[in-house]
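What follows is a set of notes on a single structure, which appears directly below.
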Amino acid sequence: MTDENKNNAATFFGYEEIALQREINGKKTVQVKCLPVRRLCEYAALFTLEPEMVGLCTDLTPEEVDMLSTEDSGRIFEKAHELNFAPFSAWLNRK
C-alpha cells in the first residue's frame, strides 16, 4: 500500500494502528488518531512536546506513555505529525 493510500485509509478510519515493540498493559498496538478540527489548537500547543503529543493522539494514559520505549514513543510521535500536520496546516492557513 502506498503512503498516500495509507493516509487515506487512516483518515477514513480516523486512526492508524502502530505495533509496539514491547507490550504495555496488555496492549500490543496503539491507535494514533487523526485529530478533529476542534483539537488542532491543542496540537499546535504540543507540537514539540513528545509525551504530551503521544497522549493527545492516542488513548494511552500518562502512565502508559511513560512506559513506552523511546523507539515506540518516537514512532508514535512521528506518526501523529504524519497524520495531523497537513490538516493542521490547512486549518492554520484559514486562520
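For the C-alpha cells, the naming scheme is as follows: chains receive sequential letters (A, B, ...) according to their order of presentation, residues are indexed from 1 within each chain, and ligands are indexed from 1 in presentation order.
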
Inset, instruction - List every residue of chain A that DSSP, applied to the backbone, labels as strand (DSSP E or B), and write the result as a VMD selection string. - result: chain A and resid 15 to 24 27 to 33

Legend entry - 8 Å contact set for Gln31 in chain A, only C-alpha atoms, chain neighbours under 5 positions out, as number ranges by chain: A: 15-18, 58-59

Keeping only N, CA, C and O atoms, write those residues as a tab-separated table (two decimals), in the first residue's frame.
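Listing of out-v7.tsv after writing:
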chain	number	residue	atom	x	y	z
A	15	TYR	N	-7.76	6.80	12.35
A	15	TYR	CA	-6.53	6.44	13.07
A	15	TYR	C	-5.68	5.52	12.21
A	15	TYR	O	-6.14	4.99	11.20
A	16	GLU	N	-4.44	5.34	12.65
A	16	GLU	CA	-3.59	4.30	12.09
A	16	GLU	C	-3.02	3.51	13.25
A	16	GLU	O	-2.64	4.09	14.27
A	17	GLU	N	-2.99	2.23	13.11
A	17	GLU	CA	-2.51	1.35	14.18
A	17	GLU	C	-1.01	1.15	14.06
A	17	GLU	O	-0.49	0.89	12.98
A	18	ILE	N	-0.32	1.30	15.19
A	18	ILE	CA	1.13	1.14	15.26
A	18	ILE	C	1.44	-0.01	16.22
A	18	ILE	O	0.93	-0.05	17.34
A	58	THR	N	-3.33	9.43	21.13
A	58	THR	CA	-3.62	8.02	21.44
A	58	THR	C	-4.58	7.96	22.62
A	58	THR	O	-4.91	8.98	23.22
A	59	ASP	N	-4.99	6.78	22.97
A	59	ASP	CA	-5.81	6.58	24.17
A	59	ASP	C	-4.96	6.08	25.34
A	59	ASP	O	-5.50	5.56	26.31

Legend entry - Residues of chain A in alpha helix (DSSP H), written as a PyMOL selection string: chain A and resi 3-13+40-45+50-57+62-67+70-94

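Contact shell of range 33-36 of chain A at 6 Å (only C-alpha atoms; same-chain neighbours under 5 positions omitted): A:Gly14, A:Tyr15, A:Cys57, A:Leu83, A:Asn84.
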
Inset, instruction - Grab the CA of Leu40 in chain A to CA of Trp91 in chain A distance for me, in Å with one decimal place. - result: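 Taking CA of Leu40 in chain A and CA of Trp91 in chain A, their separation equals 8.0 Å.
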
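Those residues that approach range 20-23 of chain A to within 9 Å, counting only C-alpha atoms, are Gly26, Lys27, Lys28, Thr29, Val30, Leu68, Ser69, Glu71 and Asp72 of chain A; same-chain residues fewer than 3 positions away are not listed.
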
Inset, instruction - Considering only C-alpha atoms, return as a PyMOL selection string whatever protein or nucleic-acid residues lie within 8 Å of Ser73 in chain A, sequence-local ones (same chain, fewer than 3 positions apart) excluded. - result: chain A and resi 50-51+54+65+68-70+76-77

Selection export as a PDB file, in the first residue's frame, atoms kept: C-alpha atoms:
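again_25.pdb was written with the following content:
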ATOM      1  CA  GLU A  50       6.621  14.317  22.560  1.00  0.00           C
ATOM      2  CA  PRO A  51       4.965  12.713  25.632  1.00  0.00           C
ATOM      3  CA  VAL A  54       1.606  10.929  22.202  1.00  0.00           C
ATOM      4  CA  VAL A  65       3.019   6.889  27.817  1.00  0.00           C
ATOM      5  CA  LEU A  68       6.781   3.302  26.194  1.00  0.00           C
ATOM      6  CA  SER A  69      10.246   2.609  24.882  1.00  0.00           C
ATOM      7  CA  THR A  70      11.966   5.641  23.365  1.00  0.00           C
ATOM      8  CA  ILE A  76       4.055   7.332  17.600  1.00  0.00           C
ATOM      9  CA  PHE A  77       5.152  10.998  17.748  1.00  0.00           C
TER      10      PHE A  77
END

Inset, instruction - Quick one: everything within 12 Å of Ser89 in chain A, counting only C-alpha atoms, minus sequence neighbours fewer than 5 positions away in the same chain. Send it as number ranges by chain. - result: A: 37, 40-41, 43-44, 81-84, 94-95

Selection to disk with N, CA and C atoms, as a PDB file, in the first residue's frame:
ATOM      1  N   VAL A  37     -10.891  18.856  13.913  1.00  0.00           N
ATOM      2  CA  VAL A  37     -10.541  20.280  13.837  1.00  0.00           C
ATOM      3  C   VAL A  37     -10.544  20.934  15.217  1.00  0.00           C
ATOM      4  N   LEU A  40      -7.138  20.928  17.030  1.00  0.00           N
ATOM      5  CA  LEU A  40      -5.929  21.413  16.372  1.00  0.00           C
ATOM      6  C   LEU A  40      -5.204  22.498  17.167  1.00  0.00           C
ATOM      7  N   CYS A  41      -5.910  23.263  18.000  1.00  0.00           N
ATOM      8  CA  CYS A  41      -5.231  24.227  18.886  1.00  0.00           C
ATOM      9  C   CYS A  41      -4.343  23.486  19.887  1.00  0.00           C
ATOM     10  N   TYR A  43      -3.048  20.531  19.381  1.00  0.00           N
ATOM     11  CA  TYR A  43      -1.954  20.006  18.556  1.00  0.00           C
ATOM     12  C   TYR A  43      -0.865  21.063  18.415  1.00  0.00           C
ATOM     13  N   ALA A  44      -1.258  22.298  18.104  1.00  0.00           N
ATOM     14  CA  ALA A  44      -0.293  23.392  17.940  1.00  0.00           C
ATOM     15  C   ALA A  44       0.467  23.648  19.241  1.00  0.00           C
ATOM     16  N   HIS A  81       2.372  13.381  13.769  1.00  0.00           N
ATOM     17  CA  HIS A  81       2.617  14.508  12.872  1.00  0.00           C
ATOM     18  C   HIS A  81       2.296  14.139  11.420  1.00  0.00           C
ATOM     19  N   GLU A  82       2.616  12.933  11.014  1.00  0.00           N
ATOM     20  CA  GLU A  82       2.332  12.500   9.643  1.00  0.00           C
ATOM     21  C   GLU A  82       0.833  12.571   9.351  1.00  0.00           C
ATOM     22  N   LEU A  83       0.016  12.160  10.319  1.00  0.00           N
ATOM     23  CA  LEU A  83      -1.430  12.127  10.124  1.00  0.00           C
ATOM     24  C   LEU A  83      -2.098  13.483  10.311  1.00  0.00           C
ATOM     25  N   ASN A  84      -1.491  14.357  11.109  1.00  0.00           N
ATOM     26  CA  ASN A  84      -2.174  15.583  11.507  1.00  0.00           C
ATOM     27  C   ASN A  84      -1.578  16.879  10.984  1.00  0.00           C
ATOM     28  N   ARG A  94      -6.320  28.951   7.029  1.00  0.00           N
ATOM     29  CA  ARG A  94      -7.635  29.597   7.089  1.00  0.00           C
ATOM     30  C   ARG A  94      -7.683  30.659   8.179  1.00  0.00           C
ATOM     31  N   LYS A  95      -6.841  30.533   9.165  1.00  0.00           N
ATOM     32  CA  LYS A  95      -6.819  31.492  10.265  1.00  0.00           C
ATOM     33  C   LYS A  95      -6.152  32.750   9.791  1.00  0.00           C
TER      34      LYS A  95
END

Inset, instruction - Rank nothing, just name the residue among A:Leu56, A:Ala80, A:Ala19, A:Ile24 nearest to Arg39 in chain A, using only C-alpha atoms. - result: A:Leu56

Legend entry - Counting only C-alpha atoms, the residue of A:Arg38, A:Val32, A:Asn25, A:Pro62 that sits nearest Phe13 in chain A: A:Val32

Legend entry - CA of Ala86 in chain A to CA of Leu60 in chain A, distance in Å rounded to a single decimal: 23.5 Å
